[in-house]
>>> print(open('protein_34.txt').read())   # compact mmCIF, C-alpha atoms
# COMPACT_ATOMS: atom_id res chain seq x y z
CA MET A 1 -0.55 -155.81 -132.81
CA ARG A 2 -1.58 -154.09 -136.00
CA GLU A 3 1.11 -151.43 -135.85
CA LEU A 4 4.78 -151.51 -134.90
CA SER A 5 4.19 -148.35 -132.87
CA LEU A 6 1.91 -150.40 -130.60
CA HIS A 7 4.76 -152.86 -130.01
CA ILE A 8 7.03 -149.91 -129.20
CA LEU A 9 4.52 -148.63 -126.65
CA ASP A 10 4.21 -152.10 -125.16
CA ILE A 11 7.97 -152.64 -124.80
CA ALA A 12 8.42 -149.13 -123.40
CA ARG A 13 5.78 -149.96 -120.76
CA ASN A 14 7.96 -152.94 -119.76
CA SER A 15 10.87 -150.55 -119.28
CA ILE A 16 8.79 -148.22 -117.15
CA GLU A 17 7.50 -151.05 -115.03
CA ALA A 18 11.08 -152.28 -114.61
CA GLY A 19 11.84 -149.00 -112.88
CA ALA A 20 13.68 -147.29 -115.70
CA THR A 21 14.57 -143.61 -115.39
CA ARG A 22 16.10 -143.43 -118.87
CA LEU A 23 14.49 -144.73 -121.99
CA LEU A 24 16.02 -144.49 -125.43
CA ILE A 25 13.85 -145.30 -128.43
CA THR A 26 15.46 -145.26 -131.86
CA VAL A 27 13.66 -146.00 -135.09
CA ILE A 28 15.61 -146.08 -138.34
CA GLU A 29 13.91 -146.35 -141.69
CA ASP A 30 16.27 -146.90 -144.59
CA GLU A 31 14.39 -147.77 -147.74
CA CYS A 32 17.56 -148.05 -149.83
CA ALA A 33 19.06 -150.58 -147.47
CA ASP A 34 15.60 -152.16 -147.15
CA GLY A 35 15.82 -151.93 -143.40
CA LEU A 36 13.58 -150.87 -140.55
CA THR A 37 15.23 -150.99 -137.15
CA ILE A 38 13.70 -150.38 -133.77
CA GLU A 39 15.83 -150.15 -130.65
CA ILE A 40 14.50 -149.72 -127.14
CA VAL A 41 17.08 -149.35 -124.39
CA ASP A 42 16.36 -148.76 -120.74
CA ASN A 43 18.17 -148.55 -117.41
CA GLY A 44 15.56 -150.53 -115.49
CA ARG A 45 16.19 -153.56 -113.30
CA GLY A 46 17.01 -155.83 -116.22
CA MET A 47 16.74 -159.59 -116.30
CA ALA A 48 18.84 -162.40 -114.93
CA GLU A 49 19.92 -165.12 -117.36
CA GLU A 50 17.04 -167.33 -116.28
CA GLU A 51 14.45 -164.61 -116.92
CA LEU A 52 16.05 -163.65 -120.21
CA ARG A 53 15.87 -167.22 -121.43
CA HIS A 54 12.11 -167.32 -120.81
CA ALA A 55 11.29 -163.73 -121.72
CA THR A 56 9.64 -164.52 -125.05
CA ASP A 57 7.69 -167.47 -123.64
CA PRO A 58 4.06 -166.34 -123.51
CA PHE A 59 3.43 -168.41 -120.39
CA TYR A 60 6.29 -166.86 -118.47
CA THR A 61 5.72 -163.68 -116.51
CA THR A 62 7.11 -161.85 -113.53
CA ARG A 63 3.80 -160.11 -112.91
CA HIS A 64 1.15 -161.15 -110.46
CA THR A 65 -2.14 -160.20 -112.06
CA ARG A 66 -2.16 -162.97 -114.64
CA ARG A 67 -0.31 -166.13 -115.71
CA PHE A 68 1.03 -165.07 -119.10
CA GLY A 69 3.17 -162.33 -120.58
CA LEU A 70 2.48 -161.71 -124.22
CA GLY A 71 4.37 -158.57 -125.20
CA LEU A 72 7.75 -159.98 -126.16
CA SER A 73 6.31 -163.17 -127.63
CA LEU A 74 3.94 -161.14 -129.82
CA LEU A 75 6.85 -158.99 -130.97
CA ARG A 76 8.90 -162.05 -131.81
CA ALA A 77 5.95 -163.44 -133.79
CA THR A 78 5.67 -160.17 -135.73
CA CYS A 79 9.37 -160.37 -136.59
CA GLU A 80 9.17 -163.98 -137.69
CA ARG A 81 6.12 -163.28 -139.84
CA CYS A 82 7.99 -160.76 -141.98
CA GLY A 83 11.45 -162.25 -142.15
CA GLY A 84 12.84 -160.04 -139.39
CA GLU A 85 14.90 -160.59 -136.27
CA MET A 86 14.58 -159.68 -132.62
CA ARG A 87 17.51 -159.45 -130.27
CA LEU A 88 17.05 -159.24 -126.55
CA ARG A 89 19.93 -158.32 -124.27
CA SER A 90 19.80 -157.58 -120.59
CA ILE A 91 22.08 -157.15 -117.61
CA ASP A 92 20.56 -157.93 -114.27
CA GLY A 93 20.33 -154.73 -112.27
CA HIS A 94 21.36 -152.47 -115.16
CA GLY A 95 18.87 -152.52 -117.97
CA THR A 96 17.49 -154.11 -121.08
CA HIS A 97 18.09 -153.64 -124.78
CA VAL A 98 15.53 -154.76 -127.35
CA THR A 99 16.48 -154.59 -131.02
CA VAL A 100 14.17 -155.41 -133.88
CA SER A 101 15.40 -155.52 -137.49
CA LEU A 102 12.87 -155.91 -140.25
CA PRO A 103 13.00 -155.86 -144.04
CA TRP A 104 11.43 -152.51 -144.95
CA SER A 105 9.67 -153.76 -148.07
CA HIS A 106 8.41 -157.14 -146.87
CA LEU A 107 4.69 -157.47 -147.63
CA ASP A 108 3.90 -158.73 -144.15
CA ARG A 109 5.88 -156.06 -142.36
CA PRO A 110 3.30 -154.14 -140.32
CA PRO A 111 3.16 -150.36 -140.72
CA LEU A 112 4.79 -148.23 -138.04
CA GLY A 113 1.41 -146.59 -137.60
CA ASP A 114 0.65 -143.75 -135.22
CA MET A 115 4.08 -143.02 -133.72
CA GLY A 116 2.83 -139.73 -132.28
CA ALA A 117 0.18 -141.43 -130.20
CA SER A 118 2.68 -143.99 -128.90
CA ILE A 119 5.40 -141.45 -128.03
CA SER A 120 2.84 -139.23 -126.34
CA ALA A 121 1.45 -142.17 -124.37
CA ILE A 122 4.95 -143.23 -123.32
CA ALA A 123 5.82 -139.69 -122.22
CA ALA A 124 2.51 -139.43 -120.36
CA GLY A 125 3.03 -142.72 -118.60
CA ALA A 126 6.03 -141.95 -116.46
CA ALA A 127 7.01 -138.64 -114.92
CA GLN A 128 10.20 -140.19 -113.58
CA VAL A 129 11.47 -141.27 -116.98
CA GLN A 130 13.58 -139.20 -119.33
CA LEU A 131 12.58 -140.33 -122.79
CA THR A 132 14.82 -139.73 -125.78
CA TYR A 133 13.19 -140.68 -129.05
CA ARG A 134 15.11 -140.47 -132.31
CA HIS A 135 13.58 -141.36 -135.64
CA GLY A 136 15.56 -141.45 -138.87
CA VAL A 137 13.80 -141.55 -142.22
CA ASN A 138 16.22 -142.10 -145.10
CA GLY A 139 18.86 -139.97 -143.44
CA GLN A 140 16.70 -137.20 -141.95
CA TRP A 141 16.26 -137.17 -138.19
CA LEU A 142 13.64 -136.22 -135.66
CA THR A 143 14.69 -136.04 -132.01
CA ILE A 144 12.42 -135.65 -129.01
CA ASP A 145 13.83 -135.47 -125.51
CA THR A 146 11.39 -135.03 -122.64
CA ASN A 147 13.92 -133.20 -120.46
CA ALA A 148 14.72 -130.71 -123.21
CA LEU A 149 11.01 -130.23 -123.87
CA GLN A 150 10.32 -129.60 -120.21
CA CYS A 151 13.06 -126.97 -120.16
CA GLU A 152 11.44 -125.16 -123.07
CA LEU A 153 8.04 -125.38 -121.43
CA ASP A 154 9.43 -123.92 -118.22
CA ASP A 155 6.62 -123.75 -115.66
CA VAL A 156 4.07 -125.57 -117.79
CA GLY A 157 4.00 -129.32 -117.11
CA LEU A 158 5.00 -131.56 -119.99
CA ARG A 159 2.58 -134.20 -118.87
CA THR A 160 -0.54 -132.10 -119.30
CA PRO A 161 -3.28 -132.74 -121.86
CA THR A 162 -2.56 -129.73 -124.10
CA VAL A 163 1.17 -130.47 -124.31
CA LEU A 164 0.78 -134.23 -124.79
CA GLN A 165 -1.72 -133.61 -127.57
CA TRP A 166 0.76 -131.22 -129.22
CA LEU A 167 3.56 -133.80 -128.88
CA SER A 168 1.55 -136.46 -130.67
CA ARG A 169 0.66 -134.13 -133.55
CA HIS A 170 4.18 -132.71 -133.76
CA VAL A 171 5.79 -136.15 -134.06
CA ASN A 172 3.38 -137.25 -136.79
CA ALA A 173 3.67 -133.96 -138.68
CA GLN A 174 7.48 -134.12 -138.61
CA LEU A 175 7.47 -137.72 -139.80
CA ARG A 176 5.08 -136.83 -142.64
CA GLU A 177 7.38 -134.01 -143.71
CA MET A 178 10.42 -136.24 -143.54
CA ARG A 179 8.76 -138.96 -145.61
CA ALA A 180 7.67 -136.45 -148.24
CA ALA A 181 11.11 -134.84 -148.37
CA THR A 182 13.20 -137.97 -148.70
CA LEU A 183 12.96 -139.89 -151.94
CA ALA A 184 13.28 -143.62 -152.38
CA CYS A 185 16.54 -144.36 -154.14
CA GLY A 186 17.16 -145.79 -157.60
CA PRO A 187 14.79 -146.45 -160.52
CA ASP A 188 14.74 -150.17 -159.79
CA ARG A 189 13.23 -149.78 -156.28
CA MET C 1 13.93 -122.68 -134.65
CA LYS C 2 10.40 -123.52 -135.60
CA THR C 3 9.92 -126.01 -132.78
CA ARG C 4 11.08 -123.51 -130.16
CA GLU C 5 8.54 -120.95 -131.39
CA GLU C 6 5.87 -123.61 -131.47
CA LEU C 7 6.70 -124.53 -127.89
CA GLN C 8 6.52 -120.94 -126.68
CA ALA C 9 3.10 -120.56 -128.31
CA LEU C 10 2.08 -123.89 -126.81
CA ARG C 11 3.21 -122.71 -123.40
CA GLU C 12 0.99 -119.63 -123.68
CA ARG C 13 -1.97 -121.74 -124.80
CA ALA C 14 -1.48 -124.27 -122.01
CA LYS C 15 -1.34 -121.55 -119.37
CA ALA C 16 -4.46 -119.88 -120.76
CA ALA C 17 -6.28 -123.22 -120.82
CA LEU C 18 -6.02 -123.77 -117.08
CA THR C 19 -9.47 -123.39 -115.61
CA VAL C 20 -10.09 -122.43 -112.01
CA ARG C 21 -9.21 -125.31 -109.69
CA ASP C 22 -12.40 -126.93 -108.54
CA GLN C 23 -13.93 -130.37 -108.00
CA GLN C 24 -12.70 -131.65 -111.36
CA SER C 25 -9.10 -130.99 -110.48
CA GLU C 26 -9.18 -133.51 -107.66
CA ALA C 27 -9.91 -136.26 -110.14
CA ARG C 28 -7.43 -138.93 -111.15
CA VAL C 29 -7.90 -141.12 -114.21
CA VAL C 30 -5.90 -144.32 -114.61
CA VAL C 31 -5.72 -146.07 -117.98
CA ALA C 32 -4.59 -149.68 -118.01
CA MET C 33 -1.73 -149.89 -120.52
CA GLY C 34 -0.62 -153.51 -120.33
CA THR C 35 -0.16 -155.63 -123.46
CA CYS C 36 -3.82 -156.71 -123.42
CA GLY C 37 -4.95 -153.11 -123.08
CA ILE C 38 -2.72 -151.87 -125.89
CA ALA C 39 -3.90 -154.67 -128.18
CA ALA C 40 -7.52 -153.78 -127.36
CA GLY C 41 -7.13 -150.06 -128.07
CA ALA C 42 -5.99 -148.42 -124.82
CA ARG C 43 -3.67 -146.05 -126.69
CA GLU C 44 -6.60 -144.63 -128.67
CA VAL C 45 -8.55 -144.28 -125.41
CA MET C 46 -5.58 -142.39 -123.95
CA SER C 47 -5.44 -140.06 -126.98
CA ALA C 48 -9.17 -139.34 -126.78
CA LEU C 49 -8.87 -138.75 -123.04
CA MET C 50 -6.12 -136.18 -123.54
CA GLU C 51 -8.05 -134.49 -126.33
CA GLU C 52 -11.22 -134.24 -124.27
CA LEU C 53 -9.42 -132.94 -121.17
CA ALA C 54 -7.52 -130.38 -123.28
CA SER C 55 -10.63 -129.14 -125.06
CA ARG C 56 -12.53 -128.80 -121.76
CA GLY C 57 -9.62 -127.04 -120.10
CA LEU C 58 -9.37 -129.78 -117.47
CA GLU C 59 -5.59 -129.51 -117.37
CA ALA C 60 -5.45 -130.34 -113.67
CA VAL C 61 -7.02 -133.80 -113.93
CA SER C 62 -4.25 -136.27 -113.21
CA VAL C 63 -3.86 -139.00 -115.84
CA GLN C 64 -1.83 -142.08 -115.02
CA GLN C 65 -1.16 -145.46 -116.54
CA THR C 66 -0.93 -148.84 -114.99
CA GLY C 67 -0.05 -152.31 -116.20
CA CYS C 68 -2.43 -155.20 -116.72
CA MET C 69 -4.92 -155.47 -113.86
CA GLY C 70 -6.01 -158.99 -114.73
CA MET C 71 -9.29 -157.97 -116.43
CA CYS C 72 -7.97 -158.72 -119.89
CA ASN C 73 -11.34 -159.65 -121.37
CA ARG C 74 -12.76 -156.21 -120.44
CA GLU C 75 -9.88 -154.14 -121.81
CA PRO C 76 -9.51 -151.24 -122.40
CA VAL C 77 -10.01 -150.51 -118.71
CA VAL C 78 -10.14 -147.06 -117.15
CA GLN C 79 -10.39 -146.22 -113.45
CA VAL C 80 -11.68 -142.92 -112.13
CA PHE C 81 -10.73 -141.71 -108.66
CA MET C 82 -12.64 -138.70 -107.40
CA GLN C 83 -12.13 -137.13 -104.02
CA GLY C 84 -14.57 -138.43 -101.44
CA GLN C 85 -15.98 -141.11 -103.75
CA PRO C 86 -15.18 -144.81 -104.19
CA PRO C 87 -12.99 -145.62 -107.20
CA VAL C 88 -14.97 -146.57 -110.31
CA THR C 89 -13.60 -149.10 -112.82
CA TYR C 90 -14.89 -148.98 -116.38
CA GLY C 91 -14.41 -151.76 -118.92
CA ASP C 92 -14.71 -152.08 -122.71
CA VAL C 93 -13.82 -148.41 -122.92
CA THR C 94 -13.58 -146.82 -126.35
CA PRO C 95 -12.58 -143.26 -127.33
CA GLN C 96 -16.29 -142.40 -127.44
CA VAL C 97 -16.93 -143.96 -124.02
CA VAL C 98 -14.02 -142.17 -122.35
CA ARG C 99 -15.38 -138.84 -123.63
CA ARG C 100 -18.70 -139.74 -121.98
CA ILE C 101 -16.91 -140.70 -118.76
CA ILE C 102 -15.34 -137.23 -118.64
CA ALA C 103 -18.68 -135.55 -119.31
CA GLU C 104 -20.78 -137.71 -117.00
CA GLN C 105 -18.53 -138.51 -114.06
CA ILE C 106 -15.75 -135.95 -113.99
CA VAL C 107 -17.88 -132.96 -114.92
CA ASN C 108 -21.32 -134.00 -113.59
CA GLY C 109 -20.40 -136.50 -110.87
CA ARG C 110 -22.53 -139.33 -112.31
CA VAL C 111 -21.15 -142.82 -112.77
CA LEU C 112 -21.62 -144.17 -116.30
CA SER C 113 -23.20 -147.38 -115.05
CA GLU C 114 -23.51 -149.21 -118.37
CA TYR C 115 -19.71 -149.45 -118.59
CA CYS C 116 -18.93 -149.76 -114.91
CA VAL C 117 -17.40 -153.14 -114.03
CA ALA C 118 -16.53 -152.44 -110.41
CA THR C 119 -16.60 -149.84 -107.69
CA GLY C 120 -14.38 -149.71 -104.66
CA LYS C 121 -10.80 -150.86 -104.26
CA GLU C 122 -9.47 -153.45 -106.76
CA SER C 123 -8.62 -156.75 -105.09
CA SER C 124 -5.67 -157.64 -107.37
>>> encode(input="protein_34.txt", output="structure tokens")
Amino acid sequence: MRELSLHILDIARNSIEAGATRLLITVIEDECADGLTIEIVDNGRGMAEEELRHATDPFYTTRHTRRFGLGLSLLRATCERCGGEMRLRSIDGHGTHVTVSLPWSHLDRPPLGDMGASISAIAAGAAQVQLTYRHGVNGQWLTIDTNALQCELDDVGLRTPTVLQWLSRHVNAQLREMRAATLACGPDR
Amino acid sequence: MKTREELQALRERAKAALTVRDQQSEARVVVAMGTCGIAAGAREVMSALMEELASRGLEAVSVQQTGCMGMCNREPVVQVFMQGQPPVTYGDVTPQVVRRIIAEQIVNGRVLSEYCVATGKESS
């Protein structure tokens, strides 16, 4: 995947297909600490020890339409390529927690890319899921919660084209503002 | 708060954008969003789909996502379900193609045959 935001969309789709009703996506960019962290937590059906052990094996899948499952193995490959780490935790019947930690400045670290498009696609993809997305850029935070948004929108559906288009643009505009407002630290960076 | 004001304005716009419920509103579009789809550009297809529906005021068209349907070599894949018609599955869909699907099939009721990979119920 060319962008980390595509991985985020992919992992979030796993959560949705696992029957999650709560999805927490946290992205933390800390240039000074040279860290980029992505955390995706869900309350879906989770994985038993056996499944967890094989989760990043591309030829292991719990689906029925094909004989391979690439998402987690591709994410692991991305991490390995740029000196990062992936941690996968799951409790059968309760949920799954994916954590990715990457060096912010590594030359092979893919860009986050179009976060707006990914968040909008995730929100569009599951009416039964409350999505909370928090994104920190050098200490400044953006928070999107689909339940809170729906409250504000009142009788207008969140998952309608006009609103989803707004959500995508809003996320990207906020991130642009945050990046412009926060300065990289120290003259030696 | 700026976002709250933005949302209120958005709410007004969204309500005004609703066209009269007609044939188009009984349409359902499903975008395959499995790993293969995402890698092939399904997210961009989704964005273009939303943009086109919003600009045409087709707020009532239902848009859903599904996982991999096993047609990985034809991703991105989009299915169109219209009332009283067999489901149509399109493959190798791009943002440009999905805009044409909306114009041709959803608005004018014509299947875009050059991108159609199947009609009728999926066997998988």
>>> closest_atom_pairs(input="protein_34.txt", of="chain A", to="chain C", cutoff="10 Å", atoms="only C-alpha atoms", output="tab-separated table")
residue	atom	partner	partner_atom	distance
A:Met1	CA	C:Ala39	CA	5.8
A:Arg2	CA	C:Ala39	CA	8.2
A:Glu3	CA	C:Ala39	CA	9.7
A:Leu6	CA	C:Ile38	CA	6.8
A:His7	CA	C:Ile38	CA	8.6
A:Leu9	CA	C:Ile38	CA	8.0
A:Asp10	CA	C:Thr35	CA	5.9
A:Ile11	CA	C:Thr35	CA	8.8
A:Arg13	CA	C:Gly34	CA	7.3
A:Asn14	CA	C:Gly34	CA	8.6
A:Ile16	CA	C:Gly67	CA	9.8
A:Glu17	CA	C:Gly67	CA	7.7
A:Arg63	CA	C:Cys68	CA	8.8
A:His64	CA	C:Ser124	CA	8.3
A:Thr65	CA	C:Gly70	CA	4.9
A:Arg66	CA	C:Gly70	CA	5.5
A:Arg67	CA	C:Gly70	CA	9.2
A:Gly69	CA	C:Thr35	CA	8.0
A:Leu70	CA	C:Thr35	CA	6.7
A:Gly71	CA	C:Thr35	CA	5.7
A:Leu72	CA	C:Thr35	CA	9.4
A:Leu74	CA	C:Thr35	CA	9.4
A:Asp114	CA	C:Glu44	CA	9.8
A:Gly116	CA	C:Ser47	CA	9.8
A:Ala117	CA	C:Ser47	CA	6.6
A:Ser118	CA	C:Arg43	CA	7.0
A:Ser120	CA	C:Ser47	CA	8.3
A:Ala121	CA	C:Arg43	CA	6.8
A:Ile122	CA	C:Gln65	CA	9.4
A:Ala124	CA	C:Gln64	CA	7.4
A:Gly125	CA	C:Gln65	CA	5.4
A:Ala126	CA	C:Gln64	CA	8.0
A:Ala127	CA	C:Gln64	CA	9.5
A:Leu149	CA	C:Leu7	CA	8.2
A:Gln150	CA	C:Leu7	CA	9.9
A:Glu152	CA	C:Leu7	CA	6.8
A:Leu153	CA	C:Arg11	CA	5.9
A:Asp154	CA	C:Arg11	CA	8.2
A:Asp155	CA	C:Arg11	CA	8.5
A:Val156	CA	C:Arg11	CA	6.4
A:Gly157	CA	C:Ala14	CA	8.9
A:Leu158	CA	C:Arg11	CA	9.7
A:Arg159	CA	C:Val63	CA	8.6
A:Thr160	CA	C:Glu59	CA	6.0
A:Pro161	CA	C:Met50	CA	4.8
A:Thr162	CA	C:Ala54	CA	5.1
A:Val163	CA	C:Leu10	CA	7.1
A:Leu164	CA	C:Met50	CA	7.3
A:Gln165	CA	C:Met50	CA	6.5
A:Trp166	CA	C:Leu10	CA	7.8
A:Leu167	CA	C:Leu7	CA	9.8
A:Ser168	CA	C:Ser47	CA	8.7
A:His170	CA	C:Thr3	CA	8.9
>>> residues_around(input="protein_34.txt", residues="Val129 in chain A", least_positions_apart="3", cutoff="9 Å", atoms="only C-alpha atoms", output="list of chain:residue names")
A:Ile16, A:Gly19, A:Ala20, A:Thr21, A:Arg22, A:Leu23, A:Ala123, A:Gly125, A:Ala126, A:Thr146
>>> axis_aligned_box(input="protein_34.txt", around="range 141-151 of chain A", padding_each_side="5 Å", output="JSON")
{"center_x": 13.3, "center_y": -132.1, "center_z": -129.2, "size_x": 15.9, "size_y": 20.2, "size_z": 28.0}
>>> atom_distance(input="protein_34.txt", atom1="CA of Thr143 in chain A", atom2="CA of Thr78 in chain A")
26.0 Å
>>> closest_residue(input="protein_34.txt", among="C:Ala27, C:Ala16, C:Val45, C:Val107", to="Thr94 in chain C", atoms="only C-alpha atoms")
C:Val45
>>> atom_distance(input="protein_34.txt", atom1="CA of Gly113 in chain A", atom2="CA of Leu175 in chain A")
11.0 Å
